[in-house]
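Below: the structure, in structure tokens.
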Amino acid sequence: MSVVSRFAPSPTGYLHVGGARTALYAWLVARAAGGKFVLRIEDTDRERSTQEAIDAIFAGMSWLGLDWDEEPIFQTQRFERYGQLIDQLLAEGKAYKCYCSQARLETMREEQMAAGLKPRYDGKCRDLTEEAREAFAGQPNVIRFRNPQEGTVMFDDHVRGRIEISNQELDDLIISRSDGTPTYNFCVVVDDWDMGITHVVRGEDHINNTPRQINILKALGAPIPEYAHVSMILGDDGKKLSKRHGAVSVTEYRDNGYLPEAVINYLARLGWSHGDQEVFSRDELIKIFKLSDINKAASAFNTEKLNWLNQHYMKTLPAEQVAAELAWHFEQIGVATQGGPALIEIVKLQAERVKTLKEMAEISRYFFEPVTGFDEGAAKKHLRPVAREALEDVQQRFAACSEWNTTAVHGVIEATCAALEIGMGKVGMPLRVAVTGGGNSPSLDVTLALIPQATVVERIGAAIEFIKAREELS
């Protein structure tokens, strides 16, 4: 059997973390078996579905590298097909028209709940006489699926094991609304059948829909796919993941400076495991992923672990690959990197020092932009009158350099220390603040060598003038 899995989001919001994990698991199922992965947009809720959300789903999936194998399917383009099959079920007596008013249904539910019963349709219109149907002719109606009243529905869930539900627990589901539009549970069944879906991976909130959908599949004479219902993702406080826990949508993780490799690795491990291994390449995941290894328990999101993974990938992926993502972050903060050092050099220099690419871009501005001011604390500590002589000496030596590289920069700093008989810190720290604007940077010789020689000399001059101005004020 050729494996076909699908991801079927509703475009009523952005691609969130839980949806992305479901998409990843479904994608891995297909890729591990050399099968097909289908993207289906369930846009039957026309009032809430938006093009912006559709675009965000495509963007999030593409950024994560979760590619699909054929053109995305939109449910709104398949209404004719749904209508044909609803008519077929009506003709076969497997569905029926229900004329119950909303007021009657609400009263029925209230009475059932008051009696401690599970709210469900009571089947009033299930077996109307021909005379009664004629009396209702022309009146608004929905169409309900005639669910079996005997026996059970049983399926073996890849995550939760065997699940068995009595048909008496299931009422007659509405499959077409009074305006003629098909409902979610019916569209899903038809789509899975027509698209040859063999494996349905989705959230545990759909478990109650599964027996209903299986009964409809049986009524249509369609094969039953295999199911895997994954648990929800919780915040680190044990509550359902939401905006108050920070980023929720996939695009926010890109905006916040995470690499897609880190997010994929983290999502894979968020409820799935393979021994004690924490770091997995995409190829490794495809090779070893099994639905049966997914944990039944809900998983708690841990931002610190994601940060650790992100830094790991910033340090270990090819610098060219990380630099391509970093370039996007420089664009987002309005920093033009043309004419500055190669971004792969920035990656090599800064990856150990930050957790995200957004941080990397922010702390690397001085490589590409003028230093327009000094960090107040660093300036107070290091740009003091006592530092002026060292800065003047090192400035003159830098200006006279015939070469500009790490070795030359290091030699000049050492020469100033020797000439003034002072320690490295008394030259290095004022110099660092002068050139970068702050008290933290990578190794000073490497940092300065990536900045044009004339720019370094100019920035030291500005720091000297800053010190002079403070001397005059005092």
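Letters for chains follow the order of the structure tokens (A, B, ...), residue numbers begin at 1 for each chain, and ligand numbers begin at 1 in the order shown.
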Skip Arg31 in chain A itself and residues of its chain fewer than 5 positions away, then list as a PDB file with C-alpha atoms, in the first residue's frame all residues within 12 Å of it, counting only C-alpha atoms.
ATOM      1  CA  SER A   2       1.333   3.403  -0.985  1.00  0.00           C
ATOM      2  CA  VAL A   3       1.180   5.795   1.965  1.00  0.00           C
ATOM      3  CA  VAL A   4      -0.690   9.080   1.442  1.00  0.00           C
ATOM      4  CA  SER A   5      -0.969  11.507   4.360  1.00  0.00           C
ATOM      5  CA  ARG A   6      -2.383  14.994   4.552  1.00  0.00           C
ATOM      6  CA  LEU A  24       5.439  17.645  10.456  1.00  0.00           C
ATOM      7  CA  TYR A  25       4.279  14.255  11.740  1.00  0.00           C
ATOM      8  CA  ALA A  26       2.021  13.754   8.710  1.00  0.00           C
ATOM      9  CA  LYS A  36       2.745  11.264  -0.922  1.00  0.00           C
ATOM     10  CA  PHE A  37       1.965  14.280   1.275  1.00  0.00           C
ATOM     11  CA  VAL A  38      -1.125  16.359   0.460  1.00  0.00           C
ATOM     12  CA  LEU A  66       7.348  20.777   4.622  1.00  0.00           C
ATOM     13  CA  ASP A  67       6.789  20.428   0.888  1.00  0.00           C
ATOM     14  CA  TRP A  68       3.605  18.953  -0.576  1.00  0.00           C
ATOM     15  CA  ASP A  69       3.393  16.742  -3.641  1.00  0.00           C
ATOM     16  CA  ARG A 282      15.708  16.094   8.724  1.00  0.00           C
ATOM     17  CA  ASP A 283      17.105  12.972   7.029  1.00  0.00           C
ATOM     18  CA  GLU A 284      17.445  11.215  10.389  1.00  0.00           C
ATOM     19  CA  LEU A 285      13.826  12.016  11.261  1.00  0.00           C
ATOM     20  CA  ILE A 286      12.614  10.598   7.962  1.00  0.00           C
ATOM     21  CA  LYS A 287      14.630   7.440   8.542  1.00  0.00           C
ATOM     22  CA  ILE A 288      13.518   6.647  12.092  1.00  0.00           C
ATOM     23  CA  PHE A 289      10.135   8.356  12.644  1.00  0.00           C
ATOM     24  CA  LYS A 290       7.251   6.103  13.683  1.00  0.00           C
TER      25      LYS A 290
END
Just the helix (DSSP H, G or I) stuff from range 210-259 of chain A, please, per backbone DSSP, written as an MDAnalysis selection string.
chainID A and resid 210:220 243:245 250:255
Near Ala400 in chain A, counting only C-alpha atoms, which residues have an atom at most 12 Å away, once you skip same-chain residues fewer than 2 positions from it, shown as number ranges by chain?
A: 393-398, 402-404, 408-409, 412, 453-454, 457
Now that the selection is made, can you save its residues with N, CA and C atoms as a JSON list (two decimals), in the first residue's frame?
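Saved file selection14.json follows:
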[["chain", "number", "residue", "atom", "x", "y", "z"],
["A", 393, "ASP", "N", 47.19, 56.87, 21.10],
["A", 393, "ASP", "CA", 48.34, 56.10, 20.62],
["A", 393, "ASP", "C", 47.90, 55.00, 19.64],
["A", 394, "VAL", "N", 46.85, 54.26, 20.00],
["A", 394, "VAL", "CA", 46.41, 53.17, 19.14],
["A", 394, "VAL", "C", 45.82, 53.70, 17.85],
["A", 395, "GLN", "N", 45.18, 54.89, 17.92],
["A", 395, "GLN", "CA", 44.63, 55.49, 16.70],
["A", 395, "GLN", "C", 45.74, 55.82, 15.70],
["A", 396, "GLN", "N", 46.80, 56.41, 16.20],
["A", 396, "GLN", "CA", 47.92, 56.76, 15.33],
["A", 396, "GLN", "C", 48.54, 55.51, 14.70],
["A", 397, "ARG", "N", 48.67, 54.48, 15.47],
["A", 397, "ARG", "CA", 49.27, 53.25, 14.95],
["A", 397, "ARG", "C", 48.35, 52.58, 13.91],
["A", 398, "PHE", "N", 47.04, 52.57, 14.19],
["A", 398, "PHE", "CA", 46.12, 52.00, 13.20],
["A", 398, "PHE", "C", 46.16, 52.79, 11.90],
["A", 402, "SER", "N", 50.01, 49.37, 7.25],
["A", 402, "SER", "CA", 50.05, 49.10, 5.81],
["A", 402, "SER", "C", 49.22, 47.87, 5.47],
["A", 403, "GLU", "N", 48.88, 47.05, 6.47],
["A", 403, "GLU", "CA", 48.02, 45.88, 6.27],
["A", 403, "GLU", "C", 46.85, 45.97, 7.26],
["A", 404, "TRP", "N", 45.75, 45.33, 6.88],
["A", 404, "TRP", "CA", 44.59, 45.36, 7.79],
["A", 404, "TRP", "C", 44.02, 43.95, 7.89],
["A", 408, "ALA", "N", 47.62, 42.04, 12.14],
["A", 408, "ALA", "CA", 48.06, 43.44, 12.22],
["A", 408, "ALA", "C", 47.37, 44.17, 13.36],
["A", 409, "VAL", "N", 46.06, 43.97, 13.50],
["A", 409, "VAL", "CA", 45.31, 44.63, 14.57],
["A", 409, "VAL", "C", 45.85, 44.21, 15.93],
["A", 412, "VAL", "N", 49.19, 45.88, 16.71],
["A", 412, "VAL", "CA", 49.09, 47.29, 17.09],
["A", 412, "VAL", "C", 48.67, 47.43, 18.55],
["A", 453, "GLN", "N", 39.48, 49.85, 7.90],
["A", 453, "GLN", "CA", 40.54, 50.52, 8.66],
["A", 453, "GLN", "C", 40.20, 51.99, 8.93],
["A", 454, "ALA", "N", 39.78, 52.70, 7.89],
["A", 454, "ALA", "CA", 39.46, 54.13, 8.04],
["A", 454, "ALA", "C", 38.31, 54.35, 9.01],
["A", 457, "VAL", "N", 39.63, 54.00, 12.62],
["A", 457, "VAL", "CA", 40.38, 55.22, 12.99],
["A", 457, "VAL", "C", 39.41, 56.36, 13.29]]
For CA of Ala378 in chain A and CA of Gly439 in chain A, determine how far apart the two atoms are, in Å to one decimal place.
5.3 Å
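Remark: for Ala23 in chain A, the closest of the candidate residues A:Tyr266, A:Phe7, A:Trp308, A:Tyr313 is A:Phe7 (distances computed over only C-alpha atoms).
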Pick out the residues sitting within 10 Å of Pro11 in chain A, and hand them over as a PyMOL selection string; count only C-alpha atoms, and ignore anything fewer than 6 positions along from it in its own chain.
chain A and resi 41-46+48-57
Taking 6 positions as the minimum chain separation for residues in the same chain, which residues sit within 12 Å of Ser231 in chain A when counting only C-alpha atoms? Answer as an MDAnalysis selection string.
chainID A and resid 18:19 21:22 159:160 201:207 240 270:272 294:300
Written selection (N, CA, C and O atoms) as a compact mmCIF listing (two decimals), in the first residue's frame:
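Dumped to selection-v7.txt:
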# COMPACT_ATOMS: atom_id res chain seq x y z
N GLY A 18 0.97 24.01 17.20
CA GLY A 18 0.33 22.70 17.23
C GLY A 18 0.04 22.18 15.83
O GLY A 18 0.27 21.01 15.53
N GLY A 19 -0.46 23.06 14.97
CA GLY A 19 -0.72 22.68 13.59
C GLY A 19 0.56 22.31 12.85
O GLY A 19 0.59 21.35 12.07
N ARG A 21 3.28 21.09 14.15
CA ARG A 21 3.75 19.77 14.61
C ARG A 21 2.94 18.66 13.94
O ARG A 21 3.49 17.64 13.51
N THR A 22 1.62 18.84 13.85
CA THR A 22 0.78 17.86 13.17
C THR A 22 1.21 17.71 11.71
O THR A 22 1.32 16.59 11.19
N VAL A 159 -1.48 6.18 18.14
CA VAL A 159 -0.97 6.79 19.37
C VAL A 159 -1.68 6.24 20.59
O VAL A 159 -1.06 5.95 21.61
N ARG A 160 -3.00 6.04 20.50
CA ARG A 160 -3.80 5.75 21.69
C ARG A 160 -4.27 4.30 21.80
O ARG A 160 -4.96 3.94 22.74
N VAL A 201 -3.29 12.01 10.41
CA VAL A 201 -2.62 12.45 11.63
C VAL A 201 -3.23 13.78 12.01
O VAL A 201 -3.21 14.73 11.21
N ARG A 202 -3.79 13.88 13.21
CA ARG A 202 -4.45 15.13 13.62
C ARG A 202 -4.51 15.20 15.13
O ARG A 202 -4.11 14.27 15.84
N GLY A 203 -5.02 16.32 15.64
CA GLY A 203 -5.06 16.56 17.07
C GLY A 203 -6.10 15.70 17.78
O GLY A 203 -7.07 15.23 17.18
N GLU A 204 -5.88 15.52 19.08
CA GLU A 204 -6.77 14.67 19.88
C GLU A 204 -8.18 15.24 19.97
O GLU A 204 -9.13 14.52 20.29
N ASP A 205 -8.36 16.53 19.65
CA ASP A 205 -9.69 17.13 19.69
C ASP A 205 -10.60 16.55 18.61
O ASP A 205 -11.82 16.77 18.62
N HIS A 206 -10.02 15.78 17.67
CA HIS A 206 -10.82 15.17 16.60
C HIS A 206 -11.21 13.73 16.91
O HIS A 206 -11.89 13.09 16.09
N ILE A 207 -10.82 13.21 18.06
CA ILE A 207 -11.12 11.81 18.36
C ILE A 207 -12.63 11.54 18.29
O ILE A 207 -13.07 10.52 17.75
N LYS A 240 -3.05 25.29 28.28
CA LYS A 240 -3.04 25.22 26.81
C LYS A 240 -2.22 26.38 26.24
O LYS A 240 -2.35 27.52 26.66
N LEU A 270 8.70 17.29 20.50
CA LEU A 270 7.64 17.75 21.39
C LEU A 270 6.51 16.73 21.39
O LEU A 270 5.43 16.94 20.84
N GLY A 271 6.78 15.58 21.98
CA GLY A 271 5.79 14.52 22.04
C GLY A 271 6.22 13.24 21.36
O GLY A 271 5.50 12.25 21.37
N TRP A 272 7.43 13.25 20.77
CA TRP A 272 7.97 12.05 20.12
C TRP A 272 9.40 11.88 20.58
O TRP A 272 10.09 12.87 20.85
N ILE A 294 5.02 8.21 19.27
CA ILE A 294 4.47 9.46 19.79
C ILE A 294 3.88 9.21 21.18
O ILE A 294 3.19 8.21 21.40
N ASN A 295 4.15 10.11 22.09
CA ASN A 295 3.67 9.98 23.46
C ASN A 295 2.20 10.36 23.56
O ASN A 295 1.75 11.32 22.94
N LYS A 296 1.45 9.64 24.37
CA LYS A 296 0.03 9.96 24.58
C LYS A 296 -0.16 11.23 25.39
O LYS A 296 -1.15 11.94 25.23
N ALA A 297 0.76 11.49 26.30
CA ALA A 297 0.60 12.63 27.21
C ALA A 297 0.83 13.95 26.49
O ALA A 297 1.56 14.04 25.50
N ALA A 298 0.19 14.99 27.01
CA ALA A 298 0.39 16.33 26.46
C ALA A 298 1.84 16.76 26.68
O ALA A 298 2.49 16.35 27.65
N SER A 299 2.36 17.58 25.79
CA SER A 299 3.75 18.04 25.87
C SER A 299 3.80 19.51 26.25
O SER A 299 2.99 20.30 25.79
N ALA A 300 4.76 19.85 27.10
CA ALA A 300 4.91 21.24 27.55
C ALA A 300 5.98 21.93 26.72
O ALA A 300 7.09 21.41 26.55
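Distance annotation: of A:Met195, A:Cys187, A:Met108, A:Val433, the residue with the minimal separation from Gln84 in chain A is A:Cys187; atom set is only C-alpha atoms.
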Contacts of Pro223 in chain A at 9 Å (only C-alpha atoms; same-chain gap of 6+ positions) as a PDB file with N, CA and C atoms, in the first residue's frame:
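Just written: result-v2.pdb:
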ATOM      1  N   TRP A 193     -11.328  10.203   1.102  1.00  0.00           N
ATOM      2  CA  TRP A 193     -11.609   9.113   0.165  1.00  0.00           C
ATOM      3  C   TRP A 193     -11.080   9.445  -1.227  1.00  0.00           C
ATOM      4  N   GLY A 196      -7.322   9.492  -1.634  1.00  0.00           N
ATOM      5  CA  GLY A 196      -6.621   8.252  -1.330  1.00  0.00           C
ATOM      6  C   GLY A 196      -5.810   8.320  -0.055  1.00  0.00           C
ATOM      7  N   THR A 198      -4.338   7.466   3.266  1.00  0.00           N
ATOM      8  CA  THR A 198      -4.198   6.203   4.010  1.00  0.00           C
ATOM      9  C   THR A 198      -3.920   6.427   5.486  1.00  0.00           C
ATOM     10  N   LEU A 217     -17.815   6.892   5.958  1.00  0.00           N
ATOM     11  CA  LEU A 217     -16.963   6.208   4.980  1.00  0.00           C
ATOM     12  C   LEU A 217     -17.548   4.838   4.624  1.00  0.00           C
TER      13      LEU A 217
END
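Using only C-alpha atoms, the smallest distance between any of A:Ser281, A:Thr181, A:Thr12, A:Ser62 and Glu47 in chain A comes from A:Thr12.
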Find the spatial neighbours of range 135-143 of chain A, counting only C-alpha atoms, within a cut-off of 9 Å - ignore same-chain residues fewer than 5 positions away - and output them as an MDAnalysis selection string.
chainID A and resid 86 90 95:101 130 173:180
Rounded to one decimal in Å, what is the spacing between CA of Lys305 in chain A and CA of Ile233 in chain A?
14.8 Å
Using CA of Glu320 in chain A and CA of Val347 in chain A as the two end points, give the distance in Å to one decimal.
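Atom-to-atom, CA of Glu320 in chain A to CA of Val347 in chain A, that is 8.6 Å.
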Distance criterion (only C-alpha atoms): nearest to Val248 in chain A out of A:Tyr14, A:Phe155, A:Tyr366, A:Phe280:
A:Tyr14
Would you give me, as a PyMOL selection string, the residues in range 2-180 of chain A that DSSP reads as strand (DSSP E or B)?
chain A and resi 4-7+16+36-41+73-74+95-98+142-145+152-157+161-166+174-176
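With only C-alpha atoms as the atoms that count, the residue of A:Asn215, A:Ser441, A:Gln112, A:Asn310 with the shortest distance to Arg365 in chain A is A:Ser441.
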